[in-house]
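K.L.:
Below: one structure in structure tokens.
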Amino acid sequence: MNNLLKGKKGIIFGALNDKSIAWQVALKCHEQGAEFVLTNAPIAMRMGEINKLAETCGNAQIVPCDVSKNEDMENLISKSMEILGGKIDFILHSVGMSMNIRKGKAYTDLDYKFHHDTLDISAISFHRLLQTCYNMDAMNDWGSIIALSYIAAQRVFPDYNEMADAKSLLESYARSFGYHYGKRNKVRINTISQSPTPTTAGSGVKGFGDFYDYASALSPLGNASAEACAEYCLMMFSDFSRLVTMQNLFHDGGFSNTGFSYDVFKLMENRD
Ligand SMILES: NC(=O)c1ccc[n+]([C@@H]2O[C@H](COP(=O)([O-])OP(=O)(O)OC[C@H]3O[C@@H](n4cnc5c(N)ncnc54)[C@H](O)[C@@H]3O)[C@@H](O)[C@H]2O)c1
């Protein structure tokens with residue numbers, strides 16, 4: 001399939017390095033004819049990796065934005081419309097950060113200042129993005145906005161810590177804002193709940209390797225890769241998913257609906 005996104009204009013948050021899910025999304029969107037702006041926190045850009053991605057994607061423009069700041073968000077949305085020459089058709093929110101995990105704090109010993117920051121960056125930022133676009137009337141009718149989530153929003157994965165609460169809130173915003181934006185502009189808002197994926201954020205979760213192997217053994221199709229996730233995002237940005245909104249969409253090789261698998265037994269037997 002070629003040029004699935006031809007003529008569409010977007011914003012992609014969160015490409016830190018070539019392991020990032022957002023990085024893969026940017027590559028696929030470029031391949032399929034979209035034009036977009038890349039963004040990340042100013043501090044994340046110091047490594048300069050995003051410049052390589054921008055070059056590969058037809059010299060895409062980069063606009064820094066710390067998602068916890070209203071003024072950064074407003075600047076990003078207005079600059080993006082200027083750069084792209086009009087309203088936006090698709091946005092990927094691929095942002096997550098847990099201060100308590102970073103500082104090695106357990107879920108039963110949370111620092112609440114850190115917890116506020118985690119919720120602000122990983123979840124409230126999604127509402128901030130939606131509200132900024134809504135108030136600036138920045139989205140074209142039938143536009144599509146996606147945020148990335150994880151199944152710890154529904155089920156307990158103890159080491160996922162406070163990010164579970166952040167993801168629950170994120171998914172709730174997609175439903176609640178999806179109603180209002182759908183009524184006014186037919187804009188659809190969904191979350192994609194992705195398999196464990198070896199990225200910088202993913203690998204920061206304690207016991208990530210075990211998590212990853214367990215999920216892979218339980219899922220009949222195995223874990224979904226970052227590249228496969230990018231393909232799913234692309235489909236959600238395209239006109240082929242116009243009536244899908246306010247959903248949390250599992251992209252996990254069947255993990256979320258599987259209760260038992262012999263492969264998990266085999267995995268346990270091989271552990272010391
Ligand atoms: N990796 C996984 O196992 C997995 C599974 C399910 C969902 N997700 C979600 O996918 C999304 C992308 O993560 P990833 O796995 O590609 O890891 P990643 O580390 O490559 O991406 C996380 C991004 O968040 C950005 N970020 C952090 N604080 C920010 C701020 N204040 N302002 C702007 N950007 C900021 C980082 O710079 C980084 O680019 C996250 O929401 C994550 O929770 C990841």
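Here, A, B, ... name the chains of the structure tokens in the order displayed, residue numbers run from 1 inside each chain, and ligands are numbered from 1 in the same displayed order.
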Could the residues that lie within 6 Å of ligand 1, counting only C-alpha atoms and all ligand atoms, be listed as a PyMOL selection string?
P.N.:
chain A and resi 14-16+20-22+40-41+44+65-68+94-97+121+148-150+193-202
K.L.:
When DSSP is applied to the backbone of this structure, which of stretch 138-219 of chain A are assigned helix (DSSP H, G or I)? Write them out as a ChimeraX atom specification.
P.N.:
/A:151-153,158-160,163-185,200-203,208-218
K.L.:
Next, the residues of the selection above should be written as a CSV table (one decimal), in the first residue's frame with C-alpha atoms.
P.N.:
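Heads up, here's the output in part_8.csv:
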chain,number,residue,atom,x,y,z
A,151,ILE,CA,-2.3,-3.0,29.9
A,152,ALA,CA,-1.2,-2.1,33.4
A,153,ALA,CA,-4.1,0.5,33.1
A,158,PRO,CA,3.5,-4.6,40.3
A,159,ASP,CA,6.8,-3.2,38.9
A,160,TYR,CA,5.0,-0.9,36.5
A,163,MET,CA,2.8,4.5,35.5
A,164,ALA,CA,-0.3,2.2,35.8
A,165,ASP,CA,-2.2,5.1,37.3
A,166,ALA,CA,-0.9,7.5,34.6
A,167,LYS,CA,-2.0,5.1,31.9
A,168,SER,CA,-5.5,4.7,33.4
A,169,LEU,CA,-5.9,8.5,33.3
A,170,LEU,CA,-4.5,8.7,29.8
A,171,GLU,CA,-7.1,6.2,28.5
A,172,SER,CA,-9.8,8.1,30.4
A,173,TYR,CA,-8.9,11.3,28.6
A,174,ALA,CA,-9.2,9.6,25.2
A,175,ARG,CA,-12.7,8.6,26.0
A,176,SER,CA,-13.9,11.9,27.7
A,177,PHE,CA,-12.2,14.3,25.2
A,178,GLY,CA,-13.1,12.0,22.3
A,179,TYR,CA,-16.7,12.7,22.9
A,180,HIS,CA,-16.4,16.5,22.8
A,181,TYR,CA,-14.0,16.6,19.9
A,182,GLY,CA,-16.0,14.1,18.0
A,183,LYS,CA,-19.2,16.1,18.4
A,184,ARG,CA,-17.6,19.4,17.3
A,185,ASN,CA,-15.1,18.3,14.5
A,200,THR,CA,14.6,3.6,26.6
A,201,ALA,CA,11.3,4.2,28.6
A,202,GLY,CA,10.4,0.5,28.4
A,203,SER,CA,13.7,-0.8,29.6
A,208,PHE,CA,11.7,-5.5,31.9
A,209,GLY,CA,13.4,-8.6,30.5
A,210,ASP,CA,11.1,-11.0,32.4
A,211,PHE,CA,8.1,-8.9,31.6
A,212,TYR,CA,9.0,-9.1,27.9
A,213,ASP,CA,9.6,-12.8,27.8
A,214,TYR,CA,6.4,-13.6,29.8
A,215,ALA,CA,4.3,-11.5,27.5
A,216,SER,CA,5.9,-13.0,24.4
A,217,ALA,CA,5.3,-16.6,25.7
A,218,LEU,CA,1.6,-15.8,26.6
K.L.:
Which residue gives the smallest distance to A:Ser125 among A:Phe255, A:Trp142, A:Phe265, A:Phe13, with only C-alpha atoms counted?
P.N.:
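Checking each of A:Phe255, A:Trp142, A:Phe265, A:Phe13 against A:Ser125, counting only C-alpha atoms, the winner is A:Phe13.
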K.L.:
Select, from A:Ala230, A:Val205, A:Ile145, A:Leu4, the residue with the minimum atom-to-atom distance to A:Leu92, counting only C-alpha atoms.
P.N.:
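Looking at the shortest contact to A:Leu92, the residue is A:Ile145.
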K.L.:
Got a sec: who's within 8 Å of stretch 72-88 of chain A, counting only C-alpha atoms, leaving out chain neighbours fewer than 6 positions off, as a list in words?
P.N.:
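Using only C-alpha atoms, the neighbours found are Lys8, Lys9, Gly10, Ile11, Glu35, Phe36, Val37, Gln61, Val63, Pro64, Cys65, Asp66, Arg128, Leu129, Thr132, Cys133, Ala138, Met139, Asn140 and Gly143 of chain A.
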K.L.:
Excluding same-chain residues fewer than 5 positions from stretch 101-113 of chain A, what lies within 8 Å of it counting only C-alpha atoms, as number ranges by chain?
P.N.:
A: 161-162, 204-205
K.L.:
Do a neighbour search on A:Ala34 at 12 Å with only C-alpha atoms, toss out local chain neighbours closer than 5 positions, and write the hits as a count of residues only.
P.N.:
27
K.L.:
Between A:Gly222, A:Asp141, A:Thr258, A:Thr191, which one has atoms that come closest to A:Ala123, using only C-alpha atoms?
P.N.:
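Of all the options, A:Thr191 lies closest to A:Ala123.
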K.L.:
Counting only C-alpha atoms, which of A:Ser98, A:Ala224, A:Gln32, A:Met45 gets nearest to A:Gly254?
P.N.:
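Of all the options, A:Ala224 lies closest to A:Gly254.
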K.L.:
For atom CA of A:Met246 and atom CA of A:Phe157, quote the distance in Å rounded to one decimal.
P.N.:
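Answer for the atom CA of A:Met246 to atom CA of A:Phe157 separation: 24.1 Å.
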K.L.:
I'd like to know which residues of stretch 38-137 of chain A are strand (DSSP E or B) (by DSSP, run on the backbone); could you write them as a ChimeraX atom specification?
P.N.:
/A:38-39,62,88-93
K.L.:
Only N, CA and C atoms, please: the residues just picked out, written as a short mmCIF file (atom, residue, chain, number, x, y, z; two decimals), in the first residue's frame.
P.N.:
data_model
loop_
_atom_site.label_atom_id
_atom_site.label_comp_id
_atom_site.auth_asym_id
_atom_site.auth_seq_id
_atom_site.Cartn_x
_atom_site.Cartn_y
_atom_site.Cartn_z
N LEU A 38 8.32 17.18 14.01
CA LEU A 38 8.79 16.32 15.10
C LEU A 38 8.96 17.17 16.35
N THR A 39 8.63 16.59 17.51
CA THR A 39 8.84 17.34 18.74
C THR A 39 9.29 16.43 19.88
N ILE A 62 11.70 20.55 13.37
CA ILE A 62 11.66 20.13 14.76
C ILE A 62 11.26 21.33 15.62
N ILE A 88 -4.08 20.50 11.24
CA ILE A 88 -3.39 19.21 11.43
C ILE A 88 -4.37 18.05 11.20
N ASP A 89 -3.87 16.96 10.61
CA ASP A 89 -4.71 15.77 10.39
C ASP A 89 -4.45 14.66 11.40
N PHE A 90 -3.20 14.57 11.90
CA PHE A 90 -2.93 13.47 12.85
C PHE A 90 -1.87 13.88 13.87
N ILE A 91 -1.98 13.31 15.06
CA ILE A 91 -0.99 13.57 16.12
C ILE A 91 -0.70 12.26 16.85
N LEU A 92 0.58 12.00 17.08
CA LEU A 92 0.98 10.88 17.95
C LEU A 92 1.54 11.45 19.25
N HIS A 93 0.92 11.08 20.38
CA HIS A 93 1.46 11.41 21.71
C HIS A 93 2.18 10.15 22.19
#
